[in-house]
$ cat structure_35.tsv   # TSV, C-alpha atoms
chain	number	residue	atom	x	y	z
M	10	MET	CA	69.61	-59.54	136.08
M	11	PHE	CA	70.62	-56.69	133.76
M	12	ARG	CA	67.36	-54.88	134.53
M	13	ASP	CA	67.94	-55.23	138.28
M	14	ASN	CA	71.48	-53.85	137.99
M	15	PHE	CA	70.26	-50.97	135.84
M	16	SER	CA	67.46	-50.22	138.32
M	17	ARG	CA	69.93	-50.31	141.22
M	18	ARG	CA	72.36	-48.00	139.41
M	19	ASN	CA	69.52	-45.63	138.59
M	20	ILE	CA	68.46	-45.47	142.26
M	21	PHE	CA	72.04	-44.76	143.36
M	22	ARG	CA	72.36	-42.10	140.64
M	23	GLN	CA	69.17	-40.36	141.77
M	24	LEU	CA	70.29	-40.56	145.41
M	25	ALA	CA	73.65	-39.01	144.48
M	26	ILE	CA	71.91	-36.14	142.68
M	27	PHE	CA	69.61	-35.56	145.67
M	28	LEU	CA	72.53	-35.55	148.13
M	29	ALA	CA	74.37	-33.05	145.91
M	30	ILE	CA	71.32	-30.77	145.79
M	31	LEU	CA	70.42	-31.25	149.48
M	32	GLY	CA	70.91	-28.19	151.64
M	33	PRO	CA	69.09	-24.90	150.94
M	34	GLY	CA	65.59	-26.18	151.82
M	35	ILE	CA	66.57	-28.01	155.01
M	36	ILE	CA	68.88	-25.23	156.20
M	37	THR	CA	66.39	-22.43	155.52
M	38	GLY	CA	63.59	-24.35	157.21
M	39	SER	CA	65.67	-25.30	160.24
M	40	VAL	CA	66.88	-21.76	160.88
M	41	ASP	CA	63.24	-20.82	161.48
M	42	ASN	CA	63.59	-22.60	164.82
M	43	ASP	CA	66.01	-20.00	166.13
M	44	ALA	CA	66.24	-18.55	169.64
M	45	GLY	CA	63.45	-16.08	168.87
M	46	GLY	CA	61.31	-18.88	167.47
M	47	ILE	CA	62.04	-21.17	170.43
M	48	THR	CA	61.13	-18.31	172.79
M	49	THR	CA	57.89	-17.66	170.91
M	50	TYR	CA	56.93	-21.37	170.82
M	51	SER	CA	57.85	-21.77	174.50
M	52	VAL	CA	55.81	-18.74	175.60
M	53	ALA	CA	52.86	-19.90	173.47
M	54	GLY	CA	52.96	-23.34	175.09
M	55	ALA	CA	53.31	-21.92	178.62
M	56	LEU	CA	50.50	-19.36	178.16
M	57	TYR	CA	47.99	-21.28	176.02
M	58	GLY	CA	48.89	-24.94	176.55
M	59	TYR	CA	48.08	-26.94	173.44
M	60	GLY	CA	45.66	-24.23	172.29
M	61	LEU	CA	47.82	-22.70	169.53
M	62	ILE	CA	49.44	-25.84	168.11
M	63	TRP	CA	46.90	-25.73	165.26
M	64	THR	CA	48.74	-22.67	163.82
M	65	LEU	CA	51.55	-24.99	162.69
M	66	ILE	CA	49.32	-26.75	160.12
M	67	PRO	CA	48.44	-23.74	157.93
M	68	SER	CA	51.97	-22.41	158.53
M	69	PHE	CA	53.43	-25.64	157.09
M	70	ILE	CA	51.26	-25.49	153.95
M	71	VAL	CA	52.12	-21.86	153.28
M	72	LEU	CA	55.79	-22.48	154.09
M	73	VAL	CA	56.10	-25.23	151.44
M	74	VAL	CA	54.36	-23.10	148.80
M	75	ILE	CA	56.49	-20.02	149.51
M	76	GLN	CA	59.80	-21.88	149.66
M	77	GLU	CA	59.00	-23.62	146.36
M	78	MET	CA	58.26	-20.24	144.76
M	79	ASN	CA	61.53	-18.86	146.11
M	80	ALA	CA	63.66	-21.71	144.83
M	81	ARG	CA	61.94	-21.66	141.42
M	82	MET	CA	62.47	-17.91	141.03
M	83	GLY	CA	66.12	-18.14	142.03
M	84	ILE	CA	66.89	-21.04	139.68
M	85	VAL	CA	64.98	-19.62	136.67
M	86	THR	CA	66.21	-16.02	136.93
M	87	GLY	CA	69.63	-16.54	138.51
M	88	LYS	CA	68.89	-13.40	140.56
M	89	GLY	CA	68.26	-12.82	144.25
M	90	LEU	CA	64.86	-11.67	145.49
M	91	ALA	CA	66.18	-8.20	146.39
M	92	ASP	CA	67.53	-7.78	142.85
M	93	LEU	CA	64.16	-8.69	141.35
M	94	ILE	CA	62.21	-6.44	143.74
M	95	ARG	CA	64.47	-3.45	142.98
M	96	GLU	CA	64.26	-3.99	139.22
M	97	ASN	CA	60.49	-4.50	139.10
M	98	ALA	CA	58.91	-2.83	142.16
M	99	GLY	CA	61.16	0.20	142.41
M	100	ILE	CA	63.45	1.83	144.96
M	101	LYS	CA	60.70	2.90	147.42
M	102	VAL	CA	59.42	-0.64	148.06
M	103	THR	CA	62.99	-1.94	148.20
M	104	PHE	CA	63.98	0.75	150.72
M	105	PHE	CA	60.95	0.01	152.93
M	106	ILE	CA	61.80	-3.69	153.00
M	107	PHE	CA	65.45	-2.79	153.56
M	108	LEU	CA	64.63	-0.78	156.70
M	109	GLY	CA	62.31	-3.47	158.03
M	110	LEU	CA	64.77	-6.29	157.40
M	111	LEU	CA	67.72	-4.37	158.83
M	112	PHE	CA	65.77	-3.66	162.04
M	113	SER	CA	64.46	-7.21	162.36
M	114	GLY	CA	67.86	-8.61	161.32
M	115	ILE	CA	69.66	-6.85	164.18
M	116	GLY	CA	66.81	-7.68	166.57
M	117	ASN	CA	66.76	-11.34	165.55
M	118	THR	CA	70.55	-11.71	165.73
M	119	THR	CA	70.52	-10.09	169.17
M	120	THR	CA	67.94	-12.69	170.16
M	121	GLU	CA	70.23	-15.46	168.91
M	122	PHE	CA	73.06	-14.27	171.14
M	123	ALA	CA	70.56	-14.02	173.99
M	124	GLY	CA	69.85	-17.70	173.29
M	125	VAL	CA	73.57	-18.49	173.40
M	126	ALA	CA	73.93	-16.61	176.70
M	127	GLY	CA	70.81	-18.15	178.26
M	128	SER	CA	71.58	-21.73	177.22
M	129	MET	CA	75.16	-21.55	178.46
M	130	GLU	CA	74.06	-20.06	181.78
M	131	VAL	CA	72.06	-23.26	182.36
M	132	PHE	CA	75.45	-25.04	182.20
M	133	GLY	CA	77.12	-22.42	184.41
M	134	VAL	CA	78.97	-20.43	181.70
M	135	SER	CA	78.85	-16.60	181.90
M	136	LYS	CA	77.48	-14.65	178.94
M	137	TYR	CA	80.66	-12.53	178.98
M	138	ILE	CA	82.51	-15.66	177.86
M	139	SER	CA	79.92	-17.52	175.75
M	140	VAL	CA	78.72	-14.58	173.59
M	141	PRO	CA	82.13	-13.23	172.43
M	142	VAL	CA	83.40	-16.79	171.76
M	143	ALA	CA	80.23	-17.69	169.81
M	144	ALA	CA	80.34	-14.46	167.79
M	145	PHE	CA	83.99	-15.08	166.86
M	146	MET	CA	83.30	-18.70	165.84
M	147	VAL	CA	80.38	-17.63	163.67
M	148	TRP	CA	82.43	-14.85	162.05
M	149	ILE	CA	85.33	-17.22	161.26
M	150	LEU	CA	82.96	-19.79	159.69
M	151	VAL	CA	81.45	-17.28	157.25
M	152	VAL	CA	84.33	-14.92	156.51
M	153	LYS	CA	87.13	-17.50	156.35
M	154	GLY	CA	85.15	-20.58	155.29
M	155	THR	CA	83.50	-21.68	152.03
M	156	TYR	CA	79.85	-22.28	151.17
M	157	LYS	CA	80.41	-26.06	150.98
M	158	ILE	CA	81.99	-26.26	154.47
M	159	ALA	CA	79.36	-23.94	155.96
M	160	GLU	CA	76.52	-25.94	154.40
M	161	ARG	CA	77.76	-29.23	155.88
M	162	ILE	CA	77.99	-27.69	159.35
M	163	PHE	CA	74.51	-26.18	158.93
M	164	LEU	CA	73.05	-29.60	158.04
M	165	ILE	CA	74.54	-31.11	161.21
M	166	PHE	CA	72.97	-28.27	163.21
M	167	SER	CA	69.61	-28.96	161.52
M	168	VAL	CA	69.60	-32.60	162.67
M	169	SER	CA	70.68	-31.59	166.21
M	170	LEU	CA	67.45	-29.62	166.66
M	171	LEU	CA	65.56	-32.91	166.90
M	172	THR	CA	66.77	-33.13	170.52
M	173	TYR	CA	63.59	-31.20	171.41
M	174	ILE	CA	61.64	-34.40	170.83
M	175	VAL	CA	63.38	-35.85	173.92
M	176	SER	CA	62.39	-32.87	176.10
M	177	ALA	CA	58.78	-33.08	174.96
M	178	ILE	CA	58.43	-36.83	175.57
M	179	MET	CA	59.99	-36.51	179.04
M	180	GLY	CA	57.27	-33.96	179.84
M	181	LYS	CA	54.68	-36.77	179.45
M	182	PRO	CA	52.29	-34.95	177.09
M	183	HIS	CA	48.57	-35.75	176.78
M	184	TRP	CA	48.30	-36.83	173.15
M	185	LYS	CA	44.51	-36.98	173.16
M	186	GLU	CA	44.29	-33.34	174.29
M	187	ILE	CA	46.81	-32.38	171.62
M	188	GLY	CA	44.72	-34.09	168.93
M	189	THR	CA	41.56	-32.38	170.17
M	190	SER	CA	43.16	-28.92	170.21
M	191	VAL	CA	44.42	-29.39	166.63
M	192	ILE	CA	41.02	-30.50	165.30
M	193	HIS	CA	38.83	-28.11	167.35
M	194	TRP	CA	40.98	-25.03	167.28
M	195	HIS	CA	40.04	-21.58	168.58
M	196	MET	CA	41.66	-18.18	169.11
M	197	GLU	CA	40.93	-15.50	171.69
M	198	MET	CA	40.26	-12.05	170.23
M	199	SER	CA	42.67	-10.23	172.52
M	200	THR	CA	45.76	-8.15	171.77
M	201	GLN	CA	48.00	-10.70	173.48
M	202	SER	CA	46.66	-13.77	171.63
M	203	ILE	CA	46.62	-12.03	168.22
M	204	ALA	CA	50.19	-10.78	168.76
M	205	MET	CA	51.14	-14.33	169.72
M	206	VAL	CA	49.58	-15.80	166.54
M	207	ILE	CA	51.33	-13.17	164.38
M	208	GLY	CA	54.56	-13.97	166.24
M	209	LEU	CA	54.11	-17.71	165.63
M	210	VAL	CA	53.46	-17.18	161.92
M	211	GLY	CA	56.24	-14.56	161.74
M	212	THR	CA	58.80	-16.96	163.19
M	213	THR	CA	57.60	-20.00	161.18
M	214	ILE	CA	57.46	-18.05	157.89
M	215	ALA	CA	60.00	-15.24	158.35
M	216	PRO	CA	60.62	-12.53	155.71
M	217	TRP	CA	64.41	-12.89	155.83
M	218	MET	CA	64.24	-16.58	154.85
M	219	GLN	CA	62.80	-15.72	151.42
M	220	PHE	CA	65.95	-13.76	150.61
M	221	TYR	CA	68.32	-16.38	152.04
M	222	MET	CA	66.59	-19.26	150.25
M	223	GLN	CA	66.76	-17.59	146.86
M	224	SER	CA	70.39	-16.53	147.33
M	225	SER	CA	71.44	-20.00	148.51
M	226	VAL	CA	70.00	-21.87	145.48
M	227	ILE	CA	71.86	-19.42	143.23
M	228	GLU	CA	75.12	-19.81	145.16
M	229	LYS	CA	74.75	-23.60	145.01
M	230	GLY	CA	74.22	-23.41	141.24
M	231	LEU	CA	71.01	-25.48	141.10
M	232	LYS	CA	69.21	-26.11	137.78
M	233	MET	CA	65.53	-26.60	136.82
M	234	LYS	CA	66.22	-30.05	135.32
M	235	ASN	CA	66.74	-31.36	138.87
M	236	PHE	CA	64.00	-29.27	140.48
M	237	LYS	CA	62.12	-32.33	141.78
M	238	TYR	CA	65.06	-33.02	144.12
M	239	THR	CA	65.08	-29.38	145.24
M	240	LEU	CA	61.38	-29.73	146.01
M	241	ILE	CA	62.06	-32.81	148.18
M	242	ASP	CA	64.77	-30.82	150.00
M	243	ILE	CA	62.24	-28.02	150.62
M	244	VAL	CA	59.50	-30.35	151.90
M	245	VAL	CA	61.93	-32.16	154.23
M	246	GLY	CA	63.09	-28.78	155.58
M	247	CYS	CA	59.52	-27.62	156.17
M	248	VAL	CA	58.60	-30.89	157.91
M	249	LEU	CA	61.67	-30.56	160.15
M	250	THR	CA	60.71	-26.96	160.97
M	251	VAL	CA	57.17	-27.82	162.03
M	252	VAL	CA	58.14	-31.01	163.89
M	253	VAL	CA	60.70	-29.16	166.04
M	254	ALA	CA	58.25	-26.27	166.66
M	255	PHE	CA	55.54	-28.78	167.61
M	256	PHE	CA	57.69	-30.54	170.20
M	257	ILE	CA	58.90	-27.27	171.73
M	258	MET	CA	55.28	-26.17	172.22
M	259	VAL	CA	54.33	-29.61	173.55
M	260	ALA	CA	57.26	-29.63	176.02
M	261	CYS	CA	56.14	-26.32	177.57
M	262	ALA	CA	52.40	-26.97	177.29
M	263	SER	CA	52.74	-30.33	179.10
M	264	THR	CA	54.82	-29.02	182.00
M	265	LEU	CA	54.67	-25.25	182.45
M	266	TYR	CA	51.04	-24.55	181.48
M	267	PRO	CA	49.39	-26.99	183.98
M	268	ASN	CA	51.53	-25.52	186.78
M	269	GLY	CA	50.75	-21.90	185.85
M	270	ILE	CA	54.44	-21.11	185.24
M	271	GLN	CA	54.89	-18.04	183.05
M	272	ILE	CA	58.13	-17.50	181.18
M	273	ASN	CA	59.70	-14.63	179.30
M	274	GLU	CA	62.43	-16.38	177.34
M	275	ALA	CA	63.58	-19.83	176.24
M	276	LYS	CA	66.15	-20.03	179.07
M	277	ASP	CA	63.28	-19.75	181.58
M	278	ALA	CA	61.62	-22.73	179.91
M	279	ALA	CA	64.81	-24.82	180.21
M	280	LEU	CA	65.23	-23.95	183.90
M	281	SER	CA	61.54	-24.52	184.69
M	282	LEU	CA	61.62	-27.99	183.12
M	283	ALA	CA	64.16	-29.28	185.68
M	284	PRO	CA	61.81	-29.70	188.68
M	285	LEU	CA	58.90	-30.80	186.46
M	286	ALA	CA	60.48	-33.19	183.95
M	287	GLY	CA	63.98	-33.75	185.36
M	288	ASN	CA	67.46	-32.28	184.87
M	289	LEU	CA	68.04	-34.21	181.65
M	290	ALA	CA	64.97	-32.66	180.00
M	291	SER	CA	66.19	-29.22	181.12
M	292	GLN	CA	69.71	-29.79	179.78
M	293	VAL	CA	68.49	-31.24	176.48
M	294	PHE	CA	66.22	-28.21	176.02
M	295	ALA	CA	69.16	-25.87	176.79
M	296	PHE	CA	71.44	-27.77	174.39
M	297	GLY	CA	68.86	-27.46	171.62
M	298	LEU	CA	68.60	-23.74	172.33
M	299	PHE	CA	72.39	-23.36	172.09
M	300	ILE	CA	72.59	-25.22	168.76
M	301	ALA	CA	69.66	-23.26	167.32
M	302	SER	CA	71.13	-19.95	168.48
M	303	ILE	CA	74.60	-20.56	167.01
M	304	PHE	CA	73.02	-21.84	163.79
M	305	SER	CA	70.73	-18.85	163.39
M	306	ALA	CA	73.32	-16.28	164.51
M	307	THR	CA	75.21	-17.40	161.40
M	308	ILE	CA	72.32	-17.40	158.93
M	309	LEU	CA	70.24	-14.35	159.94
M	310	PRO	CA	72.99	-11.73	159.41
M	311	LEU	CA	73.81	-13.55	156.15
M	312	ALA	CA	70.23	-13.14	154.93
M	313	THR	CA	70.29	-9.42	155.79
M	314	ALA	CA	73.68	-8.93	154.15
M	315	PHE	CA	72.50	-10.77	151.01
M	316	PHE	CA	69.41	-8.57	150.75
M	317	VAL	CA	71.20	-5.25	151.24
M	318	CYS	CA	74.01	-6.09	148.83
M	319	GLU	CA	71.64	-7.42	146.15
M	320	ALA	CA	69.37	-4.39	146.58
M	321	PHE	CA	72.23	-1.94	146.06
M	322	GLY	CA	74.17	-3.95	143.48
M	323	PHE	CA	77.13	-4.97	145.66
M	324	GLU	CA	78.96	-8.29	145.37
M	325	ALA	CA	77.74	-10.93	147.87
M	326	GLY	CA	78.48	-14.56	148.74
M	327	ILE	CA	80.25	-16.77	151.27
M	328	ASP	CA	82.65	-18.04	148.58
M	329	LYS	CA	83.79	-14.49	147.80
M	330	LYS	CA	87.03	-13.04	149.23
M	331	TRP	CA	86.82	-10.03	151.57
M	332	ASP	CA	88.36	-7.66	148.98
M	333	ASP	CA	85.85	-8.84	146.34
M	334	ALA	CA	82.79	-8.34	148.59
M	335	LYS	CA	83.81	-5.73	151.19
M	336	GLU	CA	80.27	-4.36	151.65
M	337	PHE	CA	78.84	-7.85	152.18
M	338	PHE	CA	81.36	-8.95	154.81
M	339	THR	CA	81.46	-5.52	156.50
M	340	LEU	CA	77.68	-5.50	156.92
M	341	TYR	CA	77.72	-9.11	158.16
M	342	THR	CA	80.45	-8.30	160.69
M	343	SER	CA	78.68	-5.11	161.83
M	344	ILE	CA	75.41	-6.93	162.56
M	345	LEU	CA	77.28	-9.57	164.57
M	346	VAL	CA	79.22	-6.98	166.60
M	347	ILE	CA	76.20	-4.74	167.31
M	348	SER	CA	74.04	-7.69	168.34
M	349	ALA	CA	76.73	-9.17	170.61
M	350	ILE	CA	77.34	-5.80	172.28
M	351	ILE	CA	73.61	-5.32	173.00
M	352	ILE	CA	73.54	-8.68	174.80
M	353	LEU	CA	76.49	-7.69	177.00
M	354	ILE	CA	74.79	-4.45	178.14
M	355	PRO	CA	73.44	-4.96	181.68
M	356	ASN	CA	69.61	-4.88	181.92
M	357	ALA	CA	69.09	-4.65	178.15
M	358	PRO	CA	65.38	-5.30	177.28
M	359	LEU	CA	66.13	-8.63	175.60
M	360	ILE	CA	62.65	-10.13	176.03
M	361	LYS	CA	60.96	-7.18	174.31
M	362	ILE	CA	63.54	-7.24	171.53
M	363	SER	CA	62.91	-10.96	171.01
M	364	LEU	CA	59.12	-10.98	170.97
M	365	TRP	CA	58.65	-7.74	169.02
M	366	SER	CA	61.22	-8.73	166.40
M	367	GLN	CA	59.02	-11.78	165.73
M	368	VAL	CA	55.92	-9.55	165.50
M	369	ALA	CA	57.85	-7.24	163.14
M	370	ASN	CA	58.57	-10.29	160.99
M	371	GLY	CA	54.84	-11.06	160.86
M	372	ILE	CA	53.96	-7.50	159.84
M	373	LEU	CA	56.74	-7.21	157.23
M	374	LEU	CA	55.97	-10.65	155.74
M	375	PRO	CA	52.87	-9.60	153.68
M	376	VAL	CA	54.91	-6.89	151.90
M	377	VAL	CA	57.57	-9.43	150.93
M	378	LEU	CA	54.98	-12.05	149.92
M	379	ILE	CA	53.01	-9.61	147.74
M	380	SER	CA	56.25	-8.65	145.95
M	381	MET	CA	57.09	-12.34	145.46
M	382	ILE	CA	53.65	-13.29	144.14
M	383	ILE	CA	53.70	-10.46	141.59
M	384	LEU	CA	57.22	-11.41	140.45
M	385	VAL	CA	56.61	-15.15	140.18
M	386	ASN	CA	53.53	-14.52	138.00
M	387	ASN	CA	55.41	-12.23	135.60
M	388	LYS	CA	55.97	-14.16	132.35
M	389	LYS	CA	58.74	-11.76	131.27
M	390	ILE	CA	60.70	-12.86	134.35
M	391	MET	CA	59.63	-16.48	134.75
M	392	GLY	CA	58.72	-17.54	131.20
M	393	GLY	CA	56.86	-20.87	131.37
M	394	TYR	CA	57.61	-21.29	135.08
M	395	VAL	CA	55.00	-18.86	136.42
M	396	ASN	CA	52.82	-19.87	139.39
M	397	LYS	CA	50.01	-22.39	139.08
M	398	PRO	CA	46.53	-21.31	140.27
M	399	LEU	CA	46.73	-23.34	143.52
M	400	ASN	CA	50.00	-21.65	144.49
M	401	ASN	CA	48.41	-18.24	143.97
M	402	ILE	CA	45.28	-19.12	145.96
M	403	ILE	CA	47.29	-20.33	148.99
M	404	SER	CA	49.71	-17.38	148.79
M	405	TRP	CA	46.99	-14.71	148.56
M	406	ILE	CA	44.96	-16.28	151.39
M	407	ALA	CA	48.09	-16.20	153.57
M	408	VAL	CA	48.69	-12.53	152.71
M	409	LEU	CA	45.08	-11.52	153.41
M	410	LEU	CA	45.03	-13.34	156.76
M	411	LEU	CA	48.33	-11.77	157.85
M	412	VAL	CA	47.12	-8.29	156.85
M	413	ALA	CA	43.84	-8.85	158.71
M	414	LEU	CA	45.66	-10.03	161.85
M	415	SER	CA	48.11	-7.11	161.70
M	416	LEU	CA	45.29	-4.57	161.32
M	417	THR	CA	43.38	-6.22	164.18
M	418	LEU	CA	46.49	-5.93	166.36
M	419	VAL	CA	46.56	-2.17	165.68
M	420	VAL	CA	42.80	-1.53	165.93
M	421	LEU	CA	41.90	-3.73	168.93
M	422	PRO	CA	43.64	-1.62	171.61
M	423	ILE	CA	41.90	1.50	170.25
M	424	ILE	CA	38.46	-0.20	170.41
M	425	ASN	CA	39.07	-1.47	173.95
M	426	ARG	CA	39.91	1.97	175.36

$ encode --input "structure_35.tsv" --output "structure tokens"
Amino acid sequence: MFRDNFSRRNIFRQLAIFLAILGPGIITGSVDNDAGGITTYSVAGALYGYGLIWTLIPSFIVLVVIQEMNARMGIVTGKGLADLIRENAGIKVTFFIFLGLLFSGIGNTTTEFAGVAGSMEVFGVSKYISVPVAAFMVWILVVKGTYKIAERIFLIFSVSLLTYIVSAIMGKPHWKEIGTSVIHWHMEMSTQSIAMVIGLVGTTIAPWMQFYMQSSVIEKGLKMKNFKYTLIDIVVGCVLTVVVAFFIMVACASTLYPNGIQINEAKDAALSLAPLAGNLASQVFAFGLFIASIFSATILPLATAFFVCEAFGFEAGIDKKWDDAKEFFTLYTSILVISAIIILIPNAPLIKISLWSQVANGILLPVVLISMIILVNNKKIMGGYVNKPLNNIISWIAVLLLVALSLTLVVLPIINR
């Protein structure tokens, strides 16, 4: 009897610890499925059917390894990734990453507001209403809220993304074909397909998320003694990321690809689903896009602001007051305003901004990963918590493949002239 009560209390205690730690892994993973990601997954499904679903498997493995490295570095050092890169790799590398992240940060946030505009247009709401209102709501949440409040809202958003499962099932997918394409995968050696693969990897494992993840575990005050719970949080977040991405690709591959319907953005996918899978599937897809866009429009500028402020030694954090972290909140506000204004410009090249910001993520990612791998293997920084051999093998393989794909993307058009 006593043993049973003790065992029950121990389970409840462990659950309480896990729920207290829960957040950074799930939130960081879920934000990967932003408007740019949804667009990329939708276009991949519409263009290649089930043919590129296999990319999610290696992406998941690498994602878990990288996120674990991030969290471990943040908890052990108590410093953000930008801080560590500046201190150990120098100003030149930091400045290069800064330029790349600032460009992709504005491009990605613009894409999020494009997602807000597109999803609300499906419900008959003009972008001149939806975008300013969404931008203001996001700004209030971060500037006037606290990390604890923001985190709870983010977790609700994360769960809401599972609505894509409904859209996919209503498209009546061919599960046998999906299984075959995953086992017997192939890739065309063309500029378009290589750019698409880089885009898929770049949106599943984005450079900005490494900086946000590390900053969020520090802001939450996590410790190594409870790292096993942090690891569960990370794995759950990665599973959620890949599951949502899978069902978005399946929804478009099952409906748009067989009918030869080409799309340029996620809104097109939502509208195209209506005559093929019904209005409910279309509306559910649009609702998921709206949630993802609002969610990511909050996090992406945060990640950029965290990086810039850490890199230049400014105060940063949601729990800070405006006067204590002026640079952080000013940069965050500026990215929101610039991105919202771009969306409201008539005939702005939103599709190009969306797709190429994902490709930029894929090209910038190896630089960030190489910096991370070097740092996490430095005993002066990490002490006894340096990488294990398997982590290094997976990380370096990912870097080499991304570099090879990026070089192929540059060289292939020259060869084909």

$ residues_around --input "structure_35.tsv" --residues "Gly83 of chain M" --least-positions-apart "4" --cutoff "10 Å" --atoms "all atoms listed in the file" --output "list of chain:residue names"
M:Glu77, M:Met78, M:Asn79, M:Gly87, M:Lys88, M:Gly89, M:Leu90, M:Leu93, M:Phe220, M:Met222, M:Gln223, M:Ser224, M:Ser225, M:Val226, M:Ile227, M:Glu228, M:Gly230, M:Leu231, M:Lys232, M:Met233, M:Met391

$ residues_around --input "structure_35.tsv" --residues "Ile75 of chain M" --least-positions-apart "3" --cutoff "12 Å" --atoms "all atoms listed in the file" --output "PyMOL selection string"
chain M and resi 34+37-38+68-72+78-82+213-216+218-220+222-223+240+243-244+247+374-375+377-382+385+396+399-405+407-408

$ write_last_selection --input "structure_35.tsv" --atoms "C-alpha atoms" --output "compact mmCIF listing (two decimals), in the frame of the given file"
# COMPACT_ATOMS: atom_id res chain seq x y z
CA GLY M 34 65.59 -26.18 151.82
CA THR M 37 66.39 -22.43 155.52
CA GLY M 38 63.59 -24.35 157.21
CA SER M 68 51.97 -22.41 158.53
CA PHE M 69 53.43 -25.64 157.09
CA ILE M 70 51.26 -25.49 153.95
CA VAL M 71 52.12 -21.86 153.28
CA LEU M 72 55.79 -22.48 154.09
CA MET M 78 58.26 -20.24 144.76
CA ASN M 79 61.53 -18.86 146.11
CA ALA M 80 63.66 -21.71 144.83
CA ARG M 81 61.94 -21.66 141.42
CA MET M 82 62.47 -17.91 141.03
CA THR M 213 57.60 -20.00 161.18
CA ILE M 214 57.46 -18.05 157.89
CA ALA M 215 60.00 -15.24 158.35
CA PRO M 216 60.62 -12.53 155.71
CA MET M 218 64.24 -16.58 154.85
CA GLN M 219 62.80 -15.72 151.42
CA PHE M 220 65.95 -13.76 150.61
CA MET M 222 66.59 -19.26 150.25
CA GLN M 223 66.76 -17.59 146.86
CA LEU M 240 61.38 -29.73 146.01
CA ILE M 243 62.24 -28.02 150.62
CA VAL M 244 59.50 -30.35 151.90
CA CYS M 247 59.52 -27.62 156.17
CA LEU M 374 55.97 -10.65 155.74
CA PRO M 375 52.87 -9.60 153.68
CA VAL M 377 57.57 -9.43 150.93
CA LEU M 378 54.98 -12.05 149.92
CA ILE M 379 53.01 -9.61 147.74
CA SER M 380 56.25 -8.65 145.95
CA MET M 381 57.09 -12.34 145.46
CA ILE M 382 53.65 -13.29 144.14
CA VAL M 385 56.61 -15.15 140.18
CA ASN M 396 52.82 -19.87 139.39
CA LEU M 399 46.73 -23.34 143.52
CA ASN M 400 50.00 -21.65 144.49
CA ASN M 401 48.41 -18.24 143.97
CA ILE M 402 45.28 -19.12 145.96
CA ILE M 403 47.29 -20.33 148.99
CA SER M 404 49.71 -17.38 148.79
CA TRP M 405 46.99 -14.71 148.56
CA ALA M 407 48.09 -16.20 153.57
CA VAL M 408 48.69 -12.53 152.71

$ closest_residue --input "structure_35.tsv" --among "M:Ser139, M:Asn273, M:Gly58, M:Ala290" --to "His183 of chain M" --atoms "all atoms listed in the file"
M:Gly58

$ residues_around --input "structure_35.tsv" --residues "Ser263 of chain M" --least-positions-apart "3" --cutoff "12 Å" --atoms "all atoms listed in the file" --output "tab-separated table (two decimals) with C-alpha atoms, keeping the file's coordinate frame"
chain	number	residue	atom	x	y	z
M	51	SER	CA	57.85	-21.77	174.50
M	53	ALA	CA	52.86	-19.90	173.47
M	54	GLY	CA	52.96	-23.34	175.09
M	55	ALA	CA	53.31	-21.92	178.62
M	56	LEU	CA	50.50	-19.36	178.16
M	57	TYR	CA	47.99	-21.28	176.02
M	58	GLY	CA	48.89	-24.94	176.55
M	59	TYR	CA	48.08	-26.94	173.44
M	60	GLY	CA	45.66	-24.23	172.29
M	176	SER	CA	62.39	-32.87	176.10
M	177	ALA	CA	58.78	-33.08	174.96
M	178	ILE	CA	58.43	-36.83	175.57
M	179	MET	CA	59.99	-36.51	179.04
M	180	GLY	CA	57.27	-33.96	179.84
M	181	LYS	CA	54.68	-36.77	179.45
M	182	PRO	CA	52.29	-34.95	177.09
M	183	HIS	CA	48.57	-35.75	176.78
M	184	TRP	CA	48.30	-36.83	173.15
M	186	GLU	CA	44.29	-33.34	174.29
M	187	ILE	CA	46.81	-32.38	171.62
M	255	PHE	CA	55.54	-28.78	167.61
M	256	PHE	CA	57.69	-30.54	170.20
M	257	ILE	CA	58.90	-27.27	171.73
M	258	MET	CA	55.28	-26.17	172.22
M	259	VAL	CA	54.33	-29.61	173.55
M	260	ALA	CA	57.26	-29.63	176.02
M	266	TYR	CA	51.04	-24.55	181.48
M	267	PRO	CA	49.39	-26.99	183.98
M	268	ASN	CA	51.53	-25.52	186.78
M	269	GLY	CA	50.75	-21.90	185.85
M	270	ILE	CA	54.44	-21.11	185.24
M	278	ALA	CA	61.62	-22.73	179.91
M	281	SER	CA	61.54	-24.52	184.69
M	282	LEU	CA	61.62	-27.99	183.12
M	285	LEU	CA	58.90	-30.80	186.46
M	286	ALA	CA	60.48	-33.19	183.95

$ residues_near_point --input "structure_35.tsv" --point "(84.3, -15.2, 150.1)" --cutoff "8 Å" --atoms "all atoms listed in the file" --output "list of chain:residue names"
M:Val151, M:Val152, M:Lys153, M:Gly154, M:Thr155, M:Gly326, M:Ile327, M:Asp328, M:Lys329, M:Lys330, M:Trp331, M:Asp333, M:Ala334

$ residues_around --input "structure_35.tsv" --residues "Trp63 of chain M" --least-positions-apart "5" --cutoff "9 Å" --atoms "only C-alpha atoms" --output "list of chain:residue names"
M:Ser190, M:Val191, M:Ile192, M:His193, M:Trp194, M:His195

$ write_last_selection --input "structure_35.tsv" --atoms "C-alpha atoms" --output "short mmCIF file (atom, residue, chain, number, x, y, z; two decimals), in the coordinates of the input"
data_model
loop_
_atom_site.label_atom_id
_atom_site.label_comp_id
_atom_site.auth_asym_id
_atom_site.auth_seq_id
_atom_site.Cartn_x
_atom_site.Cartn_y
_atom_site.Cartn_z
CA SER M 190 43.16 -28.92 170.21
CA VAL M 191 44.42 -29.39 166.63
CA ILE M 192 41.02 -30.50 165.30
CA HIS M 193 38.83 -28.11 167.35
CA TRP M 194 40.98 -25.03 167.28
CA HIS M 195 40.04 -21.58 168.58
#
